file final.csv (CSV, C-alpha atoms)
chain,number,residue,atom,x,y,z
A,72,MET,CA,0.0,0.0,0.0
A,73,SER,CA,1.3,3.4,-0.9
A,74,THR,CA,0.5,6.4,1.3
A,75,ILE,CA,0.9,10.1,0.8
A,76,LYS,CA,1.5,11.5,4.3
A,77,SER,CA,2.3,14.7,5.9
A,78,SER,CA,2.9,14.7,9.6
A,79,ALA,CA,4.3,18.1,10.4
A,80,GLU,CA,2.2,20.4,8.2
A,81,ASN,CA,-0.9,20.5,6.1
A,82,LEU,CA,-0.9,18.4,3.0
A,83,THR,CA,-1.8,20.1,-0.3
A,84,LEU,CA,-2.8,18.2,-3.4
A,85,ASN,CA,-2.3,20.8,-6.1
A,86,ALA,CA,-3.1,20.6,-9.7
A,87,ASP,CA,-1.1,23.6,-10.5
A,88,GLY,CA,-2.1,25.8,-13.4
A,89,ALA,CA,-5.3,27.6,-14.3
A,90,ASN,CA,-8.4,25.5,-14.4
A,91,ASN,CA,-6.7,22.2,-13.8
A,92,ASP,CA,-8.7,19.5,-12.0
A,93,VAL,CA,-7.8,17.2,-9.2
A,94,ILE,CA,-8.9,13.7,-10.0
A,95,ILE,CA,-8.9,10.6,-7.9
A,96,GLN,CA,-9.0,7.3,-9.8
A,97,SER,CA,-9.2,3.6,-8.9
A,98,ASN,CA,-8.1,1.1,-11.4
A,99,GLY,CA,-8.2,3.8,-14.1
A,100,SER,CA,-11.8,4.8,-13.3
A,101,THR,CA,-12.4,8.3,-12.0
A,102,LYS,CA,-14.1,8.3,-8.6
A,103,VAL,CA,-13.8,11.9,-7.4
A,104,THR,CA,-13.3,15.1,-9.4
A,105,VAL,CA,-12.4,18.5,-8.1
A,106,ASP,CA,-13.3,20.8,-10.9
A,107,GLY,CA,-10.6,23.5,-10.8
A,108,ALA,CA,-12.3,25.8,-13.2
A,109,ASN,CA,-15.5,26.1,-11.3
A,110,GLY,CA,-14.7,25.1,-7.8
A,111,ARG,CA,-16.9,22.0,-7.8
A,112,VAL,CA,-16.6,18.5,-6.4
A,113,GLY,CA,-18.1,15.5,-8.1
A,114,ILE,CA,-18.4,12.0,-6.9
A,115,GLY,CA,-19.0,9.4,-9.6
A,116,GLY,CA,-18.6,11.9,-12.5
A,117,SER,CA,-18.0,15.4,-13.5
A,118,PRO,CA,-19.8,17.9,-11.2
A,119,THR,CA,-22.3,20.4,-12.5
A,120,ASN,CA,-23.0,21.8,-9.0
A,121,LYS,CA,-20.9,22.7,-6.0
A,122,LEU,CA,-21.3,19.1,-4.7
A,123,HIS,CA,-22.6,16.6,-7.2
A,124,ILE,CA,-23.1,12.9,-6.3
A,125,ARG,CA,-23.9,10.8,-9.4
A,126,ASN,CA,-25.7,7.6,-8.7
A,127,ASP,CA,-23.9,4.6,-10.2
A,128,GLY,CA,-27.1,2.8,-11.1
A,129,ALA,CA,-27.2,0.6,-8.1
A,130,THR,CA,-30.5,0.4,-6.2
A,131,GLN,CA,-29.2,1.3,-2.8
A,132,ARG,CA,-31.5,3.4,-0.6
A,133,GLY,CA,-29.5,6.5,-1.0
A,134,ASP,CA,-26.1,7.9,-2.0
A,135,LEU,CA,-25.6,9.8,1.3
A,136,ARG,CA,-25.5,7.9,4.6
A,137,LEU,CA,-25.5,9.7,7.9
A,138,GLY,CA,-24.6,7.2,10.6
A,139,ASP,CA,-23.4,6.7,14.1
A,140,ALA,CA,-19.8,6.0,15.0
A,141,GLY,CA,-20.2,2.2,14.8
A,142,GLY,CA,-22.1,2.2,11.6
A,143,THR,CA,-25.0,0.3,13.0
A,144,THR,CA,-27.7,3.0,12.9
A,145,TYR,CA,-28.0,5.4,10.1
A,146,TRP,CA,-30.2,7.4,7.7
A,147,ASP,CA,-29.9,7.0,4.0
A,148,ILE,CA,-30.7,9.9,1.8
A,149,GLY,CA,-30.8,10.1,-2.0
A,150,ARG,CA,-32.4,9.6,-5.3
A,151,ASP,CA,-34.3,6.4,-5.7
A,152,ASN,CA,-32.9,4.8,-8.8
A,153,ALA,CA,-35.6,2.1,-8.8
A,154,SER,CA,-38.3,4.7,-9.4
A,155,THR,CA,-38.6,7.7,-11.7
A,156,GLY,CA,-36.2,9.7,-9.6
A,157,ASP,CA,-38.0,10.2,-6.4
A,158,PHE,CA,-36.1,11.5,-3.4
A,159,THR,CA,-36.2,9.2,-0.4
A,160,ILE,CA,-35.2,9.2,3.2
A,161,PHE,CA,-34.7,5.9,5.0
A,162,ASN,CA,-34.1,5.1,8.6
A,163,GLN,CA,-31.9,2.1,8.1
A,164,THR,CA,-34.1,-0.2,6.0
A,165,ASP,CA,-37.4,1.6,6.7
A,166,GLU,CA,-38.5,4.3,4.3
A,167,LYS,CA,-39.9,7.3,6.2
A,168,LEU,CA,-40.3,10.0,3.6
A,169,ARG,CA,-40.5,10.2,-0.2
A,170,ILE,CA,-40.8,13.3,-2.4
A,171,LEU,CA,-42.3,12.1,-5.7
A,172,SER,CA,-40.6,13.4,-8.8
A,173,SER,CA,-44.2,14.1,-10.0
A,174,GLY,CA,-44.8,16.2,-6.9
A,175,GLY,CA,-46.0,15.6,-3.4
A,176,ILE,CA,-44.8,13.9,-0.3
A,177,THR,CA,-45.6,10.3,0.8
A,178,PHE,CA,-44.9,8.6,4.1
A,179,ASN,CA,-43.7,5.2,5.5
A,180,GLY,CA,-43.2,3.4,2.2
A,181,ASP,CA,-46.3,4.6,0.4
A,182,THR,CA,-45.5,5.5,-3.2
A,183,ALA,CA,-49.0,6.2,-4.5
A,184,ALA,CA,-49.5,9.6,-6.1
A,185,ALA,CA,-53.1,9.7,-4.9
A,186,ASN,CA,-51.8,9.6,-1.3
A,187,ALA,CA,-49.2,12.3,-1.8
A,188,LEU,CA,-49.5,15.5,0.2
A,189,ASP,CA,-48.9,17.9,-2.7
A,190,ASP,CA,-50.1,21.3,-1.6
A,191,TYR,CA,-50.4,23.7,1.3
A,192,GLU,CA,-51.7,27.2,1.0
A,193,GLU,CA,-53.5,29.8,3.2
A,194,GLY,CA,-55.1,33.0,2.3
A,195,THR,CA,-58.2,35.1,2.2
A,196,TRP,CA,-61.4,35.2,0.2
A,197,THR,CA,-64.3,37.6,0.1
A,198,PRO,CA,-67.7,36.3,1.3
A,199,ALA,CA,-70.7,38.0,-0.3
A,200,TYR,CA,-74.5,37.5,-0.4
A,201,THR,CA,-75.8,36.9,-3.9
A,202,PRO,CA,-79.4,36.4,-5.0
A,203,GLU,CA,-80.3,33.5,-7.1
A,204,GLY,CA,-81.0,36.0,-9.9
A,205,GLY,CA,-80.2,39.6,-10.5
A,206,THR,CA,-78.2,41.6,-8.0
A,207,PHE,CA,-78.3,43.1,-4.6
A,208,GLY,CA,-77.5,46.7,-3.7
A,209,ILE,CA,-75.6,45.8,-0.5
A,210,THR,CA,-73.3,47.3,2.1
A,211,TYR,CA,-71.3,44.9,4.3
A,212,VAL,CA,-70.4,45.4,8.0
A,213,GLY,CA,-66.7,46.3,8.0
A,214,ALA,CA,-64.1,44.6,5.9
A,215,ILE,CA,-64.0,41.1,7.3
A,216,PRO,CA,-62.2,38.7,5.0
A,217,GLY,CA,-62.9,35.1,4.8
A,218,ARG,CA,-59.9,32.9,5.4
A,219,TYR,CA,-58.9,29.5,4.0
A,220,VAL,CA,-56.4,26.8,4.4
A,221,LYS,CA,-55.8,24.2,1.7
A,222,ILE,CA,-54.0,21.0,2.6
A,223,GLY,CA,-53.7,18.6,-0.3
A,224,LYS,CA,-57.2,18.3,-1.8
A,225,GLN,CA,-59.0,19.5,1.4
A,226,VAL,CA,-60.0,23.1,1.8
A,227,THR,CA,-61.4,24.7,5.0
A,228,CYS,CA,-62.9,28.1,4.7
A,229,TRP,CA,-63.9,30.4,7.5
A,230,PHE,CA,-66.4,33.2,7.0
A,231,TYR,CA,-68.0,36.0,9.0
A,232,ILE,CA,-70.4,38.3,7.2
A,233,GLY,CA,-73.0,40.9,8.1
A,234,THR,CA,-74.7,43.7,6.3
A,235,ASP,CA,-75.4,47.4,6.9
A,236,GLY,CA,-78.1,47.7,4.2
A,237,VAL,CA,-79.6,45.5,1.5
A,238,ASN,CA,-81.6,46.6,-1.5
A,239,THR,CA,-83.3,43.7,-3.1
A,240,SER,CA,-85.2,45.6,-5.8
A,241,ALA,CA,-83.1,44.2,-8.6
A,242,ALA,CA,-82.9,40.6,-7.2
A,243,SER,CA,-85.0,37.7,-8.3
A,244,GLY,CA,-85.3,34.0,-7.8
A,245,ASP,CA,-86.0,34.0,-4.1
A,246,ASN,CA,-83.0,32.2,-2.7
A,247,VAL,CA,-79.8,33.8,-1.4
A,248,TYR,CA,-76.3,32.3,-1.6
A,249,LEU,CA,-73.1,33.0,0.2
A,250,THR,CA,-70.6,33.4,-2.7
A,251,GLY,CA,-66.9,34.0,-3.3
A,252,LEU,CA,-65.4,30.7,-2.0
A,253,PRO,CA,-61.7,30.5,-2.9
A,254,PHE,CA,-61.9,27.1,-4.7
A,255,ALA,CA,-64.5,25.3,-6.7
A,256,ALA,CA,-65.6,22.0,-5.1
A,257,GLU,CA,-64.4,18.9,-6.9
A,258,THR,CA,-66.7,17.4,-9.5
A,259,VAL,CA,-67.9,14.1,-8.2
A,260,GLY,CA,-71.2,12.3,-8.1
A,261,ALA,CA,-73.3,13.2,-5.1
A,262,GLY,CA,-70.6,15.6,-4.0
A,263,VAL,CA,-72.2,17.8,-1.3
A,264,TRP,CA,-70.4,19.1,1.8
A,265,GLY,CA,-72.4,20.7,4.6
A,266,THR,CA,-71.9,22.6,7.8
A,267,ALA,CA,-73.8,24.2,10.6
A,268,VAL,CA,-73.6,28.0,10.9
A,269,TYR,CA,-74.2,30.6,13.6
A,270,SER,CA,-76.4,33.4,12.4
A,271,GLU,CA,-78.4,36.3,13.9
A,272,LYS,CA,-80.3,39.4,13.0
A,273,TRP,CA,-82.1,38.3,9.9
A,274,SER,CA,-85.6,39.7,9.6
A,275,GLY,CA,-87.0,36.3,8.9
A,276,GLU,CA,-85.6,32.9,9.6
A,277,ASN,CA,-81.9,32.8,10.5
A,278,PRO,CA,-79.9,30.3,8.5
A,279,THR,CA,-78.8,27.3,10.5
A,280,HIS,CA,-76.7,25.4,8.0
A,281,ALA,CA,-75.0,25.6,4.6
A,282,VAL,CA,-73.9,23.3,1.9
A,283,ILE,CA,-71.7,23.4,-1.2
A,284,SER,CA,-72.4,21.1,-4.1
A,285,SER,CA,-70.1,19.4,-6.6
A,286,THR,CA,-68.4,21.8,-9.0
A,287,GLU,CA,-69.8,24.9,-7.3
A,288,SER,CA,-68.0,27.7,-5.4
A,289,ARG,CA,-70.9,29.1,-3.4
A,290,LEU,CA,-72.8,28.0,-0.3
A,291,GLN,CA,-76.5,27.4,-0.3
A,292,LEU,CA,-78.0,28.6,3.0
A,293,PHE,CA,-80.8,26.7,4.8
A,294,TYR,CA,-82.8,27.1,8.0
A,295,ARG,CA,-84.8,24.9,10.2
A,296,THR,CA,-88.2,26.0,11.4
A,297,THR,CA,-89.1,23.6,14.1
A,298,VAL,CA,-87.3,20.8,16.0
A,299,ASN,CA,-89.1,18.2,14.0
A,300,GLY,CA,-89.7,20.2,10.9
A,301,ASN,CA,-88.3,20.0,7.4
A,302,SER,CA,-84.6,21.1,7.7
A,303,ASN,CA,-84.2,21.8,4.0
A,304,ASN,CA,-85.8,25.2,3.8
A,305,ARG,CA,-83.7,27.5,1.6
A,306,SER,CA,-82.9,30.9,3.1
A,307,LYS,CA,-84.5,33.6,1.0
A,308,TYR,CA,-83.5,37.1,0.5
A,309,ALA,CA,-87.0,38.1,1.7
A,310,ASP,CA,-85.7,36.9,5.1
A,311,MET,CA,-82.8,39.4,5.1
A,312,GLY,CA,-83.0,42.5,7.1
A,313,THR,CA,-82.7,45.6,4.9
A,314,GLY,CA,-81.4,48.0,7.5
A,315,GLY,CA,-78.1,48.2,9.4
A,316,ASP,CA,-76.5,45.6,11.7
A,317,SER,CA,-78.2,42.7,10.1
A,318,ASN,CA,-77.9,39.3,8.4
A,319,TYR,CA,-74.9,37.9,10.3
A,320,VAL,CA,-73.6,34.4,9.4
A,321,ARG,CA,-70.4,32.9,10.7
A,322,GLY,CA,-68.9,29.5,10.5
A,323,PHE,CA,-66.6,27.3,8.5
A,324,ILE,CA,-66.9,24.5,5.9
A,325,THR,CA,-64.5,21.8,4.8
A,326,TYR,CA,-64.8,20.4,1.3
A,327,GLY,CA,-62.8,18.6,-1.4
A,328,VAL,CA,-61.3,20.2,-4.4
B,172,MET,CA,-35.1,51.9,2.3
B,173,ALA,CA,-38.2,52.1,0.1
B,174,LEU,CA,-41.2,50.1,1.0
B,175,THR,CA,-43.5,49.1,-1.8
B,176,LYS,CA,-46.7,47.1,-2.0
B,177,GLU,CA,-47.8,45.3,-5.1
B,178,THR,CA,-50.8,43.2,-6.0
B,179,VAL,CA,-50.6,40.7,-8.8
B,180,VAL,CA,-52.5,37.8,-10.1
B,181,ASP,CA,-49.9,35.1,-9.6
B,182,LYS,CA,-51.8,32.0,-10.4
B,183,ILE,CA,-54.6,31.2,-12.8
B,184,GLU,CA,-55.9,27.6,-12.8
B,185,VAL,CA,-58.5,26.2,-15.2
B,186,LEU,CA,-60.4,23.3,-13.9
B,187,GLU,CA,-62.0,20.4,-15.7
B,188,MET,CA,-65.4,22.0,-15.8
B,189,GLY,CA,-64.0,25.3,-17.0
B,190,GLN,CA,-64.0,27.2,-13.8
B,191,VAL,CA,-61.1,29.6,-13.6
B,192,GLN,CA,-59.5,29.8,-10.1
B,193,VAL,CA,-57.6,33.1,-9.6
B,194,ARG,CA,-55.0,33.7,-6.9
B,195,THR,CA,-54.0,37.3,-6.2
B,196,ALA,CA,-50.7,37.8,-4.3
B,197,THR,CA,-50.1,40.9,-2.3
B,198,ARG,CA,-46.4,41.5,-1.6
B,199,VAL,CA,-44.8,44.1,0.6
B,200,LYS,CA,-41.2,44.8,-0.4
B,201,GLU,CA,-38.3,46.7,0.9
B,202,ASP,CA,-35.8,47.7,-1.8
B,203,GLY,CA,-37.1,44.9,-3.9
B,204,ALA,CA,-36.8,42.2,-1.2
B,205,VAL,CA,-40.1,40.6,-0.2
B,206,LEU,CA,-40.9,41.3,3.4
B,207,SER,CA,-44.3,39.6,3.4
B,208,SER,CA,-46.8,38.2,1.0
B,209,SER,CA,-50.4,37.0,1.3
B,210,PHE,CA,-52.9,35.3,-1.1
B,211,HIS,CA,-56.5,36.1,-1.9
B,212,ARG,CA,-58.6,33.8,-4.1
B,213,HIS,CA,-61.8,33.7,-6.1
B,214,VAL,CA,-63.4,31.6,-8.7
B,215,VAL,CA,-64.9,32.7,-12.0
B,216,ASN,CA,-67.4,30.3,-13.5
B,217,PRO,CA,-68.0,29.6,-17.2
B,218,SER,CA,-71.6,30.6,-17.0
B,219,THR,CA,-73.8,32.3,-14.4
B,220,LYS,CA,-77.4,31.4,-13.6
B,221,SER,CA,-79.9,34.1,-12.8
B,222,GLY,CA,-83.1,32.6,-11.7
B,223,ASP,CA,-83.8,29.9,-14.2
B,224,THR,CA,-81.7,31.5,-17.0
B,225,TRP,CA,-78.1,30.9,-17.8
B,226,ALA,CA,-76.0,33.7,-19.1
B,227,ASP,CA,-72.3,34.4,-19.9
B,228,THR,CA,-70.3,35.4,-16.8
B,229,ASP,CA,-69.4,39.1,-16.8
B,230,ILE,CA,-65.6,39.1,-16.6
B,231,SER,CA,-65.0,42.7,-17.4
B,232,GLY,CA,-63.7,43.4,-13.9
B,233,GLU,CA,-61.1,40.6,-14.0
B,234,ASP,CA,-57.4,40.9,-14.7
B,235,ALA,CA,-56.6,41.0,-18.4
B,236,ARG,CA,-54.8,37.7,-18.3
B,237,VAL,CA,-57.8,36.1,-16.6
B,238,GLN,CA,-60.1,37.5,-19.3
B,239,ALA,CA,-57.9,36.2,-22.0
B,240,ILE,CA,-57.8,32.7,-20.5
B,241,ALA,CA,-61.5,32.6,-19.8
B,242,THR,CA,-62.3,33.8,-23.3
B,243,ALA,CA,-60.1,31.1,-24.8
B,244,THR,CA,-61.4,28.4,-22.5
B,245,TRP,CA,-65.1,29.1,-22.4
B,246,THR,CA,-66.2,27.6,-25.7
B,247,ALA,CA,-69.9,26.9,-26.2
B,248,ALA,CA,-69.2,23.2,-25.4
B,249,VAL,CA,-67.5,24.1,-22.1
B,250,LYS,CA,-70.3,26.4,-21.0
B,251,THR,CA,-72.9,23.8,-21.9
B,252,ALA,CA,-71.1,21.1,-20.0
B,253,TYR,CA,-70.8,23.3,-16.9
B,254,ARG,CA,-74.5,24.3,-17.0
B,255,GLU,CA,-75.5,20.7,-17.4
B,256,MET,CA,-73.3,19.7,-14.5
B,257,ILE,CA,-74.8,22.4,-12.2
B,258,ASP,CA,-78.4,21.6,-13.2
B,259,ALA,CA,-77.9,17.9,-12.8
call {"tool": "encode", "arguments": {"input": "final.csv", "output": "structure tokens"}}
result
Amino acid sequence: MSTIKSSAENLTLNADGANNDVIIQSNGSTKVTVDGANGRVGIGGSPTNKLHIRNDGATQRGDLRLGDAGGTTYWDIGRDNASTGDFTIFNQTDEKLRILSSGGITFNGDTAAANALDDYEEGTWTPAYTPEGGTFGITYVGAIPGRYVKIGKQVTCWFYIGTDGVNTSAASGDNVYLTGLPFAAETVGAGVWGTAVYSEKWSGENPTHAVISSTESRLQLFYRTTVNGNSNNRSKYADMGTGGDSNYVRGFITYGV
Amino acid sequence: MALTKETVVDKIEVLEMGQVQVRTATRVKEDGAVLSSSFHRHVVNPSTKSGDTWADTDISGEDARVQAIATATWTAAVKTAYREMIDA
């Protein structure tokens, strides 16, 4: 065995001259390249990034291993060559996390795209009352934005709305909707999501619950007249107070998109 | 140190049934570096029902790019499919 050794001072391996590389080979095959022109290090091939590890085609669980001193416990991190280039994190032999190359995160060995957590977003939306036909002349209480959080394909929307004056002279169609939801509901057969709402200060029946139907981005409002009565009475704009400090509804709904 | 605030439509999504989902980003910047950002969303449907009558959705108040995408997307067939889905 041959050894290059420096005991009393630092050891410099210098490919002297502009842009010369430092190359480590084994049996004529390049294993490590220090790209002198660009200041990059490549393992398994020429580097195109500061540190570039090229997979050799083997199906090991990762090209980077972070282990304990004895080498008995470790995490393997890297590109999954057995798949379409997913990024994986293993705790020894157990896969804990996978980032699909197609997008999304899966857990504990699951590789199904349908189960991948592929989105998170939060923001605001603008709740509004809209008649089934025509328009309202309407003033809202303050500027109270609705809020939403989208996690994967599930959206939860919060709303709080009230009015300081409603003119229904240009409205038609009887029913009133709460519109402006930030996402359209997914298009699925029998897709309806519902929720109870708190409401007060309507001139007629206060809405008690709301639903969003497949494909739509608005809430239908309903009320219940008696304990044992029909619970599917649509809220109508004739039930809305036309003066100030009226028509409050607050709640939240979760639905699929 | 100049503080600026900008509001831009940063994402426009067209769904299977022709709905156009619009995300508006509001960004506060200091010398061009983003200090904070927030999102607001709304949906524009291919057709709007007034009473029992369907009509084209008024998109005159939408961002120009939203109008362009909606106009290109909302063919007669798309509007009809959307209306039939809602009425189903």
call {"tool": "closest_atom_pairs", "arguments": {"input": "final.csv", "of": "chain B", "to": "chain A", "cutoff": "8 Å", "atoms": "all atoms listed in the file", "output": "Markdown table"}}
result
| residue | atom | partner | partner_atom | distance |
| --- | --- | --- | --- | --- |
| B:Met188 | CA | A:Thr286 | CA | 7.4 |
| B:Gln190 | CA | A:Ala255 | CA | 7.4 |
| B:Gln192 | CA | A:Phe254 | CA | 6.5 |
| B:Ser209 | CA | A:Gly194 | CA | 6.3 |
| B:Phe210 | CA | A:Gly194 | CA | 4.7 |
| B:His211 | CA | A:Thr195 | CA | 4.5 |
| B:Arg212 | CA | A:Pro253 | CA | 4.7 |
| B:His213 | CA | A:Pro253 | CA | 4.5 |
| B:Val214 | CA | A:Pro253 | CA | 6.1 |
| B:Lys220 | CA | A:Gly204 | CA | 6.9 |
| B:Ser221 | CA | A:Gly204 | CA | 3.6 |
| B:Gly222 | CA | A:Gly204 | CA | 4.4 |
| B:Asp223 | CA | A:Gly244 | CA | 7.7 |
| B:Met256 | CA | A:Thr286 | CA | 7.7 |
| B:Ile257 | CA | A:Thr286 | CA | 7.2 |
call {"tool": "atom_distance", "arguments": {"input": "final.csv", "atom1": "CA of Ile114 in chain A", "atom2": "CA of Gly141 in chain A"}}
result
23.9 Å
call {"tool": "residues_around", "arguments": {"input": "final.csv", "residues": "Val205 in chain B", "least_positions_apart": "2", "cutoff": "12 Å", "atoms": "only C-alpha atoms", "output": "count of residues only"}}
result
16
call {"tool": "atom_distance", "arguments": {"input": "final.csv", "atom1": "CA of Val180 in chain B", "atom2": "CA of Val212 in chain A"}}
result
26.6 Å
call {"tool": "atom_distance", "arguments": {"input": "final.csv", "atom1": "CA of Arg111 in chain A", "atom2": "CA of Ile124 in chain A"}}
result
11.1 Å
call {"tool": "residues_around", "arguments": {"input": "final.csv", "residues": "range 239-253 of chain B", "least_positions_apart": "3", "cutoff": "10 Å", "atoms": "all atoms listed in the file", "output": "PyMOL selection string"}}
result
(chain A and resi 286-287) or (chain B and resi 183-185+187-191+215-219+225-228+230+233-236+256-259)
call {"tool": "closest_residue", "arguments": {"input": "final.csv", "among": "A:Asp127, A:Arg321, A:Glu166, A:Gly262", "to": "Thr279 in chain A", "atoms": "only C-alpha atoms"}}
result
A:Arg321
call {"tool": "residues_around", "arguments": {"input": "final.csv", "residues": "Asp310 in chain A", "least_positions_apart": "3", "cutoff": "6 Å", "atoms": "only C-alpha atoms", "output": "PyMOL selection string"}}
result
chain A and resi 274-275+307
call {"tool": "write_last_selection", "arguments": {"input": "final.csv", "atoms": "C-alpha atoms", "output": "PDB file, in the frame of the given file"}}
result
ATOM      1  CA  SER A 274     -85.600  39.700   9.600  1.00  0.00           C
ATOM      2  CA  GLY A 275     -87.000  36.300   8.900  1.00  0.00           C
ATOM      3  CA  LYS A 307     -84.500  33.600   1.000  1.00  0.00           C
TER       4      LYS A 307
END
call {"tool": "axis_aligned_box", "arguments": {"input": "final.csv", "around": "range 190-200 of chain B", "padding_each_side": "8 Å", "output": "lines of an AutoDock Vina configuration file"}}
result
center_x = -52.6
center_y = 36.0
center_z = -6.6
size_x = 38.8
size_y = 33.6
size_z = 30.4
call {"tool": "residues_around", "arguments": {"input": "final.csv", "residues": "Asp181 in chain B", "least_positions_apart": "4", "cutoff": "8 Å", "atoms": "only C-alpha atoms", "output": "compact mmCIF listing (two decimals) with C-alpha atoms, keeping the file's coordinate frame"}}
result
# COMPACT_ATOMS: atom_id res chain seq x y z
CA VAL B 193 -57.60 33.10 -9.60
CA ARG B 194 -55.00 33.70 -6.90
CA THR B 195 -54.00 37.30 -6.20
CA ALA B 196 -50.70 37.80 -4.30
call {"tool": "residues_around", "arguments": {"input": "final.csv", "residues": "Asn304 in chain A", "least_positions_apart": "6", "cutoff": "9 Å", "atoms": "all atoms listed in the file", "output": "PyMOL selection string"}}
result
chain A and resi 292-296
call {"tool": "closest_residue", "arguments": {"input": "final.csv", "among": "A:Arg132, A:Ala108, A:Gly180, A:Thr144", "to": "Asn90 in chain A", "atoms": "all atoms listed in the file"}}
result
A:Ala108
call {"tool": "closest_residue", "arguments": {"input": "final.csv", "among": "A:Gly233, A:Gly315, A:Gly223, A:Gly327", "to": "Ala256 in chain A", "atoms": "only C-alpha atoms"}}
result
A:Gly327
